[in-house]
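Asks: This is the content of target-v8.cif (mmCIF, C-alpha atoms and all ligand atoms; chains and numbers go by the auth columns):
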```cif
data_query
loop_
_atom_site.group_PDB
_atom_site.id
_atom_site.type_symbol
_atom_site.label_atom_id
_atom_site.label_comp_id
_atom_site.label_asym_id
_atom_site.label_seq_id
_atom_site.Cartn_x
_atom_site.Cartn_y
_atom_site.Cartn_z
_atom_site.B_iso_or_equiv
_atom_site.auth_seq_id
_atom_site.auth_asym_id
ATOM 1 C CA MET A 1 0.000 0.000 0.000 0.00 1 P
ATOM 2 C CA SER A 2 1.473 3.388 -0.957 0.00 2 P
ATOM 3 C CA TYR A 3 1.575 6.184 1.552 0.00 3 P
ATOM 4 C CA VAL A 4 -0.135 9.418 0.438 0.00 4 P
ATOM 5 C CA PRO A 5 0.651 12.354 2.745 0.00 5 P
ATOM 6 C CA ALA A 6 -2.356 14.402 3.825 0.00 6 P
ATOM 7 C CA MET A 7 -2.639 17.749 2.081 0.00 7 P
ATOM 8 C CA ALA A 8 -1.919 20.566 4.508 0.00 8 P
ATOM 9 C CA LYS A 9 -5.204 22.421 4.366 0.00 9 P
ATOM 10 C CA ALA A 10 -4.524 25.443 6.545 0.00 10 P
ATOM 11 C CA PHE A 11 -7.185 27.575 8.212 0.00 11 P
ATOM 12 C CA ALA A 12 -6.797 31.210 9.301 0.00 12 P
ATOM 13 C CA PRO A 13 -9.589 32.429 11.627 0.00 13 P
ATOM 14 C CA ALA A 14 -9.033 36.042 10.483 0.00 14 P
ATOM 15 C CA VAL A 15 -10.233 35.116 6.995 0.00 15 P
ATOM 16 C CA GLU A 16 -13.597 34.059 8.425 0.00 16 P
ATOM 17 C CA ARG A 17 -13.944 37.557 9.866 0.00 17 P
ATOM 18 C CA ASN A 18 -12.766 39.657 6.928 0.00 18 P
ATOM 19 C CA ARG A 19 -14.005 37.715 3.892 0.00 19 P
ATOM 20 C CA GLN A 20 -17.605 38.995 4.006 0.00 20 P
ATOM 21 C CA PRO A 21 -16.841 42.747 4.406 0.00 21 P
ATOM 22 C CA ILE A 22 -14.298 42.475 1.591 0.00 22 P
ATOM 23 C CA LEU A 23 -16.865 40.624 -0.549 0.00 23 P
ATOM 24 C CA GLU A 24 -19.267 43.581 -0.237 0.00 24 P
ATOM 25 C CA VAL A 25 -16.610 45.806 -1.838 0.00 25 P
ATOM 26 C CA LEU A 26 -15.705 43.222 -4.473 0.00 26 P
ATOM 27 C CA ARG A 27 -19.337 42.955 -5.574 0.00 27 P
ATOM 28 C CA ARG A 28 -19.267 46.687 -6.385 0.00 28 P
ATOM 29 C CA VAL A 29 -15.842 47.106 -7.942 0.00 29 P
ATOM 30 C CA LEU A 30 -14.992 43.886 -9.771 0.00 30 P
ATOM 31 C CA PRO A 31 -16.028 43.439 -13.406 0.00 31 P
ATOM 32 C CA SER A 32 -19.041 41.172 -13.960 0.00 32 P
ATOM 33 C CA ALA A 33 -16.929 38.582 -15.801 0.00 33 P
ATOM 34 C CA GLY A 34 -13.280 37.787 -16.434 0.00 34 P
ATOM 35 C CA LEU A 35 -10.199 36.598 -14.571 0.00 35 P
ATOM 36 C CA VAL A 36 -9.252 37.760 -11.076 0.00 36 P
ATOM 37 C CA LEU A 37 -5.627 37.225 -10.114 0.00 37 P
ATOM 38 C CA GLU A 38 -5.200 36.858 -6.361 0.00 38 P
ATOM 39 C CA VAL A 39 -1.696 37.613 -5.114 0.00 39 P
ATOM 40 C CA ALA A 40 -0.552 36.111 -1.787 0.00 40 P
ATOM 41 C CA SER A 41 -3.560 33.824 -1.377 0.00 41 P
ATOM 42 C CA GLY A 42 -2.173 32.326 1.864 0.00 42 P
ATOM 43 C CA THR A 43 -4.367 29.430 2.999 0.00 43 P
ATOM 44 C CA GLY A 44 -6.672 29.607 -0.047 0.00 44 P
ATOM 45 C CA GLN A 45 -9.793 30.354 2.007 0.00 45 P
ATOM 46 C CA HIS A 46 -10.492 33.673 0.279 0.00 46 P
ATOM 47 C CA ALA A 47 -10.173 32.051 -3.143 0.00 47 P
ATOM 48 C CA ALA A 48 -12.612 29.296 -2.167 0.00 48 P
ATOM 49 C CA PHE A 49 -15.114 31.803 -0.751 0.00 49 P
ATOM 50 C CA TYR A 50 -14.979 34.394 -3.542 0.00 50 P
ATOM 51 C CA SER A 51 -15.135 31.843 -6.342 0.00 51 P
ATOM 52 C CA GLU A 52 -18.319 30.547 -4.719 0.00 52 P
ATOM 53 C CA HIS A 53 -19.928 33.948 -4.192 0.00 53 P
ATOM 54 C CA LEU A 54 -18.770 35.537 -7.462 0.00 54 P
ATOM 55 C CA PRO A 55 -19.508 32.643 -9.829 0.00 55 P
ATOM 56 C CA SER A 56 -19.296 34.675 -13.040 0.00 56 P
ATOM 57 C CA LEU A 57 -15.603 35.362 -12.384 0.00 57 P
ATOM 58 C CA ARG A 58 -12.685 32.973 -12.780 0.00 58 P
ATOM 59 C CA TRP A 59 -10.393 33.039 -9.748 0.00 59 P
ATOM 60 C CA GLN A 60 -6.636 32.444 -10.009 0.00 60 P
ATOM 61 C CA PRO A 61 -4.996 31.996 -6.591 0.00 61 P
ATOM 62 C CA THR A 62 -1.217 32.374 -6.246 0.00 62 P
ATOM 63 C CA ASP A 63 1.412 32.541 -3.541 0.00 63 P
ATOM 64 C CA VAL A 64 5.175 32.546 -3.261 0.00 64 P
ATOM 65 C CA SER A 65 5.390 29.914 -0.521 0.00 65 P
ATOM 66 C CA ALA A 66 5.307 26.166 -1.201 0.00 66 P
ATOM 67 C CA GLU A 67 3.415 25.607 2.040 0.00 67 P
ATOM 68 C CA SER A 68 0.687 28.052 1.025 0.00 68 P
ATOM 69 C CA LEU A 69 0.459 26.484 -2.428 0.00 69 P
ATOM 70 C CA GLN A 70 -0.197 23.098 -0.799 0.00 70 P
ATOM 71 C CA SER A 71 -2.965 24.525 1.339 0.00 71 P
ATOM 72 C CA ILE A 72 -4.529 26.408 -1.586 0.00 72 P
ATOM 73 C CA GLU A 73 -4.460 23.203 -3.623 0.00 73 P
ATOM 74 C CA ALA A 74 -6.364 21.444 -0.852 0.00 74 P
ATOM 75 C CA TRP A 75 -9.022 24.186 -0.694 0.00 75 P
ATOM 76 C CA VAL A 76 -9.307 24.230 -4.492 0.00 76 P
ATOM 77 C CA GLY A 77 -9.618 20.433 -4.574 0.00 77 P
ATOM 78 C CA ASP A 78 -12.341 20.369 -1.932 0.00 78 P
ATOM 79 C CA ALA A 79 -14.261 23.208 -3.604 0.00 79 P
ATOM 80 C CA ALA A 80 -14.127 21.436 -6.993 0.00 80 P
ATOM 81 C CA ARG A 81 -15.442 24.505 -8.762 0.00 81 P
ATOM 82 C CA ASP A 82 -14.881 25.199 -12.475 0.00 82 P
ATOM 83 C CA ASN A 83 -14.191 28.887 -11.884 0.00 83 P
ATOM 84 C CA LEU A 84 -11.521 28.225 -9.212 0.00 84 P
ATOM 85 C CA LEU A 85 -8.209 27.499 -10.904 0.00 85 P
ATOM 86 C CA PRO A 86 -5.327 25.483 -9.459 0.00 86 P
ATOM 87 C CA PRO A 87 -2.812 27.726 -7.683 0.00 87 P
ATOM 88 C CA LEU A 88 0.288 29.071 -9.381 0.00 88 P
ATOM 89 C CA GLN A 89 3.515 30.068 -7.732 0.00 89 P
ATOM 90 C CA LEU A 90 4.074 33.806 -7.941 0.00 90 P
ATOM 91 C CA ASP A 91 6.645 35.972 -6.236 0.00 91 P
ATOM 92 C CA VAL A 92 5.615 39.507 -7.103 0.00 92 P
ATOM 93 C CA ARG A 93 9.306 40.427 -7.349 0.00 93 P
ATOM 94 C CA TRP A 94 9.680 38.206 -10.393 0.00 94 P
ATOM 95 C CA ALA A 95 10.166 40.121 -13.637 0.00 95 P
ATOM 96 C CA ARG A 96 7.828 37.684 -15.423 0.00 96 P
ATOM 97 C CA TRP A 97 4.574 36.681 -13.802 0.00 97 P
ATOM 98 C CA PRO A 98 2.969 33.321 -14.717 0.00 98 P
ATOM 99 C CA VAL A 99 -0.276 35.053 -15.718 0.00 99 P
ATOM 100 C CA PRO A 100 0.184 37.552 -18.558 0.00 100 P
ATOM 101 C CA GLU A 101 -3.125 39.385 -18.161 0.00 101 P
ATOM 102 C CA ALA A 102 -6.120 39.608 -15.867 0.00 102 P
ATOM 103 C CA ASP A 103 -9.245 41.701 -15.482 0.00 103 P
ATOM 104 C CA ALA A 104 -8.650 42.498 -11.802 0.00 104 P
ATOM 105 C CA LEU A 105 -6.058 41.877 -9.126 0.00 105 P
ATOM 106 C CA ILE A 106 -6.573 41.425 -5.400 0.00 106 P
ATOM 107 C CA CYS A 107 -3.983 41.278 -2.630 0.00 107 P
ATOM 108 C CA ILE A 108 -5.088 40.754 0.969 0.00 108 P
ATOM 109 C CA ASN A 109 -2.753 41.246 3.926 0.00 109 P
ATOM 110 C CA MET A 110 0.603 41.155 2.167 0.00 110 P
ATOM 111 C CA ILE A 111 1.712 44.785 2.015 0.00 111 P
ATOM 112 C CA HIS A 112 2.491 45.124 5.743 0.00 112 P
ATOM 113 C CA ILE A 113 3.961 41.608 6.132 0.00 113 P
ATOM 114 C CA SER A 114 6.681 41.990 3.522 0.00 114 P
ATOM 115 C CA PRO A 115 9.499 44.415 2.728 0.00 115 P
ATOM 116 C CA TRP A 116 8.661 47.678 0.958 0.00 116 P
ATOM 117 C CA GLU A 117 10.144 46.416 -2.322 0.00 117 P
ATOM 118 C CA THR A 118 7.425 43.737 -2.384 0.00 118 P
ATOM 119 C CA THR A 119 4.810 46.487 -2.468 0.00 119 P
ATOM 120 C CA GLU A 120 6.790 48.265 -5.199 0.00 120 P
ATOM 121 C CA ALA A 121 6.857 44.990 -7.150 0.00 121 P
ATOM 122 C CA LEU A 122 3.133 44.415 -6.587 0.00 122 P
ATOM 123 C CA PHE A 123 2.199 47.742 -8.179 0.00 123 P
ATOM 124 C CA ARG A 124 4.804 47.406 -10.945 0.00 124 P
ATOM 125 C CA GLY A 125 3.546 43.913 -11.856 0.00 125 P
ATOM 126 C CA ALA A 126 -0.096 44.947 -11.624 0.00 126 P
ATOM 127 C CA GLY A 127 0.633 47.868 -13.914 0.00 127 P
ATOM 128 C CA LYS A 128 1.925 45.484 -16.592 0.00 128 P
ATOM 129 C CA LEU A 129 -0.917 43.007 -16.145 0.00 129 P
ATOM 130 C CA LEU A 130 -4.026 45.180 -15.974 0.00 130 P
ATOM 131 C CA ALA A 131 -5.590 47.179 -18.782 0.00 131 P
ATOM 132 C CA ALA A 132 -6.794 50.753 -18.336 0.00 132 P
ATOM 133 C CA GLY A 133 -9.822 50.923 -16.066 0.00 133 P
ATOM 134 C CA SER A 134 -9.147 47.615 -14.286 0.00 134 P
ATOM 135 C CA PRO A 135 -9.116 47.493 -10.478 0.00 135 P
ATOM 136 C CA LEU A 136 -6.372 46.505 -8.058 0.00 136 P
ATOM 137 C CA ILE A 137 -7.788 45.849 -4.600 0.00 137 P
ATOM 138 C CA THR A 138 -5.572 45.756 -1.531 0.00 138 P
ATOM 139 C CA TYR A 139 -6.682 45.002 2.018 0.00 139 P
ATOM 140 C CA GLY A 140 -4.979 45.381 5.367 0.00 140 P
ATOM 141 C CA PRO A 141 -4.109 47.923 8.041 0.00 141 P
ATOM 142 C CA TYR A 142 -2.822 51.294 6.780 0.00 142 P
ATOM 143 C CA ARG A 143 -1.576 54.518 8.306 0.00 143 P
ATOM 144 C CA LEU A 144 -3.052 57.779 7.105 0.00 144 P
ATOM 145 C CA HIS A 145 -1.074 61.065 6.961 0.00 145 P
ATOM 146 C CA GLY A 146 1.624 59.589 9.188 0.00 146 P
ATOM 147 C CA VAL A 147 -0.799 58.500 11.894 0.00 147 P
ATOM 148 C CA HIS A 148 -2.103 55.062 12.847 0.00 148 P
ATOM 149 C CA THR A 149 -5.874 54.797 12.615 0.00 149 P
ATOM 150 C CA ALA A 150 -6.103 53.021 15.999 0.00 150 P
ATOM 151 C CA PRO A 151 -3.852 52.221 18.993 0.00 151 P
ATOM 152 C CA SER A 152 -4.185 48.512 18.169 0.00 152 P
ATOM 153 C CA ASN A 153 -2.678 49.186 14.718 0.00 153 P
ATOM 154 C CA ALA A 154 0.252 51.042 16.321 0.00 154 P
ATOM 155 C CA ALA A 155 0.889 48.024 18.558 0.00 155 P
ATOM 156 C CA PHE A 156 0.551 45.662 15.592 0.00 156 P
ATOM 157 C CA ASP A 157 3.028 47.797 13.607 0.00 157 P
ATOM 158 C CA GLU A 158 5.520 47.599 16.456 0.00 158 P
ATOM 159 C CA SER A 159 5.155 43.823 16.699 0.00 159 P
ATOM 160 C CA LEU A 160 5.587 43.441 12.925 0.00 160 P
ATOM 161 C CA ARG A 161 8.758 45.552 12.963 0.00 161 P
ATOM 162 C CA SER A 162 10.153 43.582 15.891 0.00 162 P
ATOM 163 C CA ARG A 163 9.648 40.380 13.890 0.00 163 P
ATOM 164 C CA ASN A 164 11.220 41.911 10.797 0.00 164 P
ATOM 165 C CA PRO A 165 12.447 45.531 10.633 0.00 165 P
ATOM 166 C CA ARG A 166 11.573 45.621 6.923 0.00 166 P
ATOM 167 C CA TRP A 167 7.884 44.908 7.575 0.00 167 P
ATOM 168 C CA GLY A 168 5.367 47.446 8.840 0.00 168 P
ATOM 169 C CA VAL A 169 1.995 49.112 8.431 0.00 169 P
ATOM 170 C CA ARG A 170 2.345 51.359 5.355 0.00 170 P
ATOM 171 C CA ASP A 171 1.078 54.894 4.982 0.00 171 P
ATOM 172 C CA ILE A 172 -1.459 55.562 2.247 0.00 172 P
ATOM 173 C CA ASP A 173 0.428 58.816 1.572 0.00 173 P
ATOM 174 C CA ALA A 174 3.490 56.713 0.664 0.00 174 P
ATOM 175 C CA LEU A 175 1.499 54.227 -1.400 0.00 175 P
ATOM 176 C CA CYS A 176 -0.164 56.863 -3.619 0.00 176 P
ATOM 177 C CA PRO A 177 3.006 58.158 -5.367 0.00 177 P
ATOM 178 C CA LEU A 178 4.270 54.596 -5.755 0.00 178 P
ATOM 179 C CA ALA A 179 0.954 53.585 -7.297 0.00 179 P
ATOM 180 C CA ALA A 180 0.985 56.642 -9.566 0.00 180 P
ATOM 181 C CA THR A 181 4.386 55.615 -10.938 0.00 181 P
ATOM 182 C CA ALA A 182 2.897 52.229 -11.866 0.00 182 P
ATOM 183 C CA GLY A 183 -0.199 53.863 -13.394 0.00 183 P
ATOM 184 C CA PHE A 184 -2.760 53.580 -10.586 0.00 184 P
ATOM 185 C CA THR A 185 -4.977 56.111 -8.835 0.00 185 P
ATOM 186 C CA LEU A 186 -6.612 55.504 -5.461 0.00 186 P
ATOM 187 C CA GLU A 187 -10.340 55.493 -6.151 0.00 187 P
ATOM 188 C CA GLU A 188 -11.775 54.441 -2.799 0.00 188 P
ATOM 189 C CA GLN A 189 -10.684 53.666 0.734 0.00 189 P
ATOM 190 C CA VAL A 190 -13.305 51.639 2.549 0.00 190 P
ATOM 191 C CA ALA A 191 -13.174 51.255 6.328 0.00 191 P
ATOM 192 C CA MET A 192 -13.363 47.622 7.404 0.00 192 P
ATOM 193 C CA PRO A 193 -13.847 45.950 10.791 0.00 193 P
ATOM 194 C CA ALA A 194 -10.852 45.735 13.154 0.00 194 P
ATOM 195 C CA ASN A 195 -9.330 48.980 11.828 0.00 195 P
ATOM 196 C CA ASN A 196 -8.460 47.576 8.443 0.00 196 P
ATOM 197 C CA MET A 197 -9.188 49.130 5.067 0.00 197 P
ATOM 198 C CA THR A 198 -9.939 47.940 1.593 0.00 198 P
ATOM 199 C CA LEU A 199 -8.245 50.188 -0.962 0.00 199 P
ATOM 200 C CA VAL A 200 -9.509 50.266 -4.534 0.00 200 P
ATOM 201 C CA TRP A 201 -6.875 51.369 -7.034 0.00 201 P
ATOM 202 C CA ARG A 202 -7.791 51.906 -10.667 0.00 202 P
ATOM 203 C CA ARG A 203 -5.414 51.480 -13.623 0.00 203 P
ATOM 204 C CA ASP A 204 -5.146 54.825 -15.386 0.00 204 P
ATOM 205 C CA ALA A 205 -6.231 55.246 -18.998 0.00 205 P
HETATM 206 C C1 LIG B . -0.296 37.308 6.154 0.00 301 H
HETATM 207 S S1 LIG B . -0.306 36.261 4.777 0.00 301 H
HETATM 208 C C2 LIG B . -1.857 36.672 4.037 0.00 301 H
HETATM 209 C C3 LIG B . -2.461 35.538 3.298 0.00 301 H
HETATM 210 C C4 LIG B . -3.914 35.724 2.834 0.00 301 H
HETATM 211 N N1 LIG B . -4.011 36.702 1.787 0.00 301 H
HETATM 212 C C5 LIG B . -4.796 36.085 3.994 0.00 301 H
HETATM 213 O O1 LIG B . -5.244 37.216 4.099 0.00 301 H
HETATM 214 O O2 LIG B . -5.033 35.198 4.843 0.00 301 H
HETATM 215 C C6 LIG B . 0.875 36.998 3.697 0.00 301 H
HETATM 216 C C7 LIG B . 1.092 36.200 2.435 0.00 301 H
HETATM 217 O O3 LIG B . 1.963 36.934 1.575 0.00 301 H
HETATM 218 C C8 LIG B . 2.761 36.024 0.866 0.00 301 H
HETATM 219 N N2 LIG B . 3.924 36.733 0.317 0.00 301 H
HETATM 220 C C9 LIG B . 4.938 37.300 1.004 0.00 301 H
HETATM 221 N N3 LIG B . 5.847 37.812 0.161 0.00 301 H
HETATM 222 C C10 LIG B . 5.389 37.570 -1.102 0.00 301 H
HETATM 223 C C11 LIG B . 5.879 37.842 -2.399 0.00 301 H
HETATM 224 N N4 LIG B . 7.083 38.444 -2.571 0.00 301 H
HETATM 225 N N5 LIG B . 5.149 37.479 -3.477 0.00 301 H
HETATM 226 C C12 LIG B . 3.968 36.846 -3.305 0.00 301 H
HETATM 227 N N6 LIG B . 3.455 36.538 -2.093 0.00 301 H
HETATM 228 C C13 LIG B . 4.148 36.897 -1.004 0.00 301 H
HETATM 229 C C14 LIG B . 3.102 34.979 1.926 0.00 301 H
HETATM 230 O O4 LIG B . 3.559 33.769 1.372 0.00 301 H
HETATM 231 C C15 LIG B . 1.780 34.854 2.664 0.00 301 H
HETATM 232 O O5 LIG B . 0.970 33.819 2.133 0.00 301 H
#
```
Please express what this file holds, its structure, as structure tokens.
Ligand SMILES: C[S@@+](CC[C@H](N)C(=O)[O-])C[C@H]1O[C@@H](n2cnc3c(N)ncnc32)[C@H](O)[C@@H]1O
Replies:
Amino acid sequence: MSYVPAMAKAFAPAVERNRQPILEVLRRVLPSAGLVLEVASGTGQHAAFYSEHLPSLRWQPTDVSAESLQSIEAWVGDAARDNLLPPLQLDVRWARWPVPEADALICINMIHISPWETTEALFRGAGKLLAAGSPLITYGPYRLHGVHTAPSNAAFDESLRSRNPRWGVRDIDALCPLAATAGFTLEEQVAMPANNMTLVWRRDA
């Protein structure tokens, strides 16, 4: 009898809390059909949920980490949904991404848990991938005009930086010029539970 290792289907409780508020934004800002590229899919829970609740869209999960890819594969396998594609490995810092074009891009909770150059690479890559008018949606905690939006975010920022000095809660004022260089304008910032925000960036014409 051959031994088949169990797929490591990971579960992040935070996703259960943030997936619905993010979905409300996605329903408004995503195109009605087409391909959504998800960067940094993590466990794969968001991909499973959004492909179920946005059935007219095709969902392409990705992540840089092999462990995440395993978990996403398990979620994709269990969901067995035609519009949920098998995960692809993607490090946003790569010059060539495995998906040449998409109709929208979403990135949840990566910007603060990675070095600044990862955010630069995210916008640069998204700028190459998305056509004029397409949305890039980012979610997480953000600072605004140099100030944290809540004491809990300040504490979180400190804990992130103690884990890795190159991580940290980014300021929207710093993101806007970076996004502009890559061809994006901030269209909406939507307050989310637990002092997070969903930012909707739009690819310039
Ligand atoms: C905090 S997790 C968030 C995962 C998921 N989006 C969520 O909200 O549960 C951050 C994710 O970013 C991914 N990541 C970090 N650096 C990356 C990079 N350079 N390119 C792509 N993904 C990256 C990690 O592998 C990890 O899955």
Asks: Go through the chains and note each residue within 7 Å of ligand LIG 301 (chain H), using all atoms listed in the file, then give the set as a list of chain:residue names.
Replies: P:Ala12, P:Ala14, P:Val15, P:Val39, P:Ala40, P:Ser41, P:Gly42, P:Thr43, P:Asp63, P:Val64, P:Ser65, P:Ser68, P:Leu90, P:Asp91, P:Val92, P:Arg93, P:Cys107, P:Ile108, P:Asn109, P:Met110, P:Ile113, P:Ser114, P:Thr118
Asks: Give me the result of the PyMOL selection byres (((chain P and resi 20-30) around 12) and not hetatm) on this file, residue by residue, as JSON, numbers by chain.
Replies: {"P": [14, 15, 16, 17, 18, 19, 31, 32, 33, 34, 35, 36, 37, 45, 46, 47, 49, 50, 51, 52, 53, 54, 55, 56, 57, 58, 59, 102, 103, 104, 105, 106, 107, 108, 109, 133, 134, 135, 136, 137, 138, 139, 140, 187, 188, 189, 190, 191, 192, 193, 194, 196, 197, 198, 199, 200, 201, 202]}
Asks: Any chance you could export the current selection's C-alpha atoms as a JSON list (two decimals), keeping the file's coordinate frame?
Replies:
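Output file out.json follows:
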```
[["chain", "number", "residue", "atom", "x", "y", "z"],
["P", 14, "ALA", "CA", -9.03, 36.04, 10.48],
["P", 15, "VAL", "CA", -10.23, 35.12, 7.00],
["P", 16, "GLU", "CA", -13.60, 34.06, 8.43],
["P", 17, "ARG", "CA", -13.94, 37.56, 9.87],
["P", 18, "ASN", "CA", -12.77, 39.66, 6.93],
["P", 19, "ARG", "CA", -14.00, 37.72, 3.89],
["P", 31, "PRO", "CA", -16.03, 43.44, -13.41],
["P", 32, "SER", "CA", -19.04, 41.17, -13.96],
["P", 33, "ALA", "CA", -16.93, 38.58, -15.80],
["P", 34, "GLY", "CA", -13.28, 37.79, -16.43],
["P", 35, "LEU", "CA", -10.20, 36.60, -14.57],
["P", 36, "VAL", "CA", -9.25, 37.76, -11.08],
["P", 37, "LEU", "CA", -5.63, 37.22, -10.11],
["P", 45, "GLN", "CA", -9.79, 30.35, 2.01],
["P", 46, "HIS", "CA", -10.49, 33.67, 0.28],
["P", 47, "ALA", "CA", -10.17, 32.05, -3.14],
["P", 49, "PHE", "CA", -15.11, 31.80, -0.75],
["P", 50, "TYR", "CA", -14.98, 34.39, -3.54],
["P", 51, "SER", "CA", -15.14, 31.84, -6.34],
["P", 52, "GLU", "CA", -18.32, 30.55, -4.72],
["P", 53, "HIS", "CA", -19.93, 33.95, -4.19],
["P", 54, "LEU", "CA", -18.77, 35.54, -7.46],
["P", 55, "PRO", "CA", -19.51, 32.64, -9.83],
["P", 56, "SER", "CA", -19.30, 34.67, -13.04],
["P", 57, "LEU", "CA", -15.60, 35.36, -12.38],
["P", 58, "ARG", "CA", -12.68, 32.97, -12.78],
["P", 59, "TRP", "CA", -10.39, 33.04, -9.75],
["P", 102, "ALA", "CA", -6.12, 39.61, -15.87],
["P", 103, "ASP", "CA", -9.24, 41.70, -15.48],
["P", 104, "ALA", "CA", -8.65, 42.50, -11.80],
["P", 105, "LEU", "CA", -6.06, 41.88, -9.13],
["P", 106, "ILE", "CA", -6.57, 41.42, -5.40],
["P", 107, "CYS", "CA", -3.98, 41.28, -2.63],
["P", 108, "ILE", "CA", -5.09, 40.75, 0.97],
["P", 109, "ASN", "CA", -2.75, 41.25, 3.93],
["P", 133, "GLY", "CA", -9.82, 50.92, -16.07],
["P", 134, "SER", "CA", -9.15, 47.62, -14.29],
["P", 135, "PRO", "CA", -9.12, 47.49, -10.48],
["P", 136, "LEU", "CA", -6.37, 46.50, -8.06],
["P", 137, "ILE", "CA", -7.79, 45.85, -4.60],
["P", 138, "THR", "CA", -5.57, 45.76, -1.53],
["P", 139, "TYR", "CA", -6.68, 45.00, 2.02],
["P", 140, "GLY", "CA", -4.98, 45.38, 5.37],
["P", 187, "GLU", "CA", -10.34, 55.49, -6.15],
["P", 188, "GLU", "CA", -11.78, 54.44, -2.80],
["P", 189, "GLN", "CA", -10.68, 53.67, 0.73],
["P", 190, "VAL", "CA", -13.30, 51.64, 2.55],
["P", 191, "ALA", "CA", -13.17, 51.26, 6.33],
["P", 192, "MET", "CA", -13.36, 47.62, 7.40],
["P", 193, "PRO", "CA", -13.85, 45.95, 10.79],
["P", 194, "ALA", "CA", -10.85, 45.74, 13.15],
["P", 196, "ASN", "CA", -8.46, 47.58, 8.44],
["P", 197, "MET", "CA", -9.19, 49.13, 5.07],
["P", 198, "THR", "CA", -9.94, 47.94, 1.59],
["P", 199, "LEU", "CA", -8.24, 50.19, -0.96],
["P", 200, "VAL", "CA", -9.51, 50.27, -4.53],
["P", 201, "TRP", "CA", -6.88, 51.37, -7.03],
["P", 202, "ARG", "CA", -7.79, 51.91, -10.67]]
```
Asks: For Arg143 in chain P, work out the shell of residues within 12 Å, counting only C-alpha atoms and skipping chain neighbours fewer than 3 positions away, then give it as a PyMOL selection string.
Replies: chain P and resi 112+140+146-154+156-157+168-175+189+195-197
Asks: Mind listing as an mmCIF file with C-alpha atoms, in the coordinates of the input all residues within 8 Å of (0.8, 48.1, -4.2), counting only C-alpha atoms?
Replies:
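Saved result, part.cif, follows:
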```
data_model
loop_
_atom_site.group_PDB
_atom_site.id
_atom_site.type_symbol
_atom_site.label_atom_id
_atom_site.label_comp_id
_atom_site.auth_asym_id
_atom_site.auth_seq_id
_atom_site.Cartn_x
_atom_site.Cartn_y
_atom_site.Cartn_z
ATOM 1 C CA ILE P 111 1.712 44.785 2.015
ATOM 2 C CA THR P 119 4.810 46.487 -2.468
ATOM 3 C CA GLU P 120 6.790 48.265 -5.199
ATOM 4 C CA ALA P 121 6.857 44.990 -7.150
ATOM 5 C CA LEU P 122 3.133 44.415 -6.587
ATOM 6 C CA PHE P 123 2.199 47.742 -8.179
ATOM 7 C CA ARG P 124 4.804 47.406 -10.945
ATOM 8 C CA THR P 138 -5.572 45.756 -1.531
ATOM 9 C CA LEU P 175 1.499 54.227 -1.400
ATOM 10 C CA LEU P 178 4.270 54.596 -5.755
ATOM 11 C CA ALA P 179 0.954 53.585 -7.297
#
```
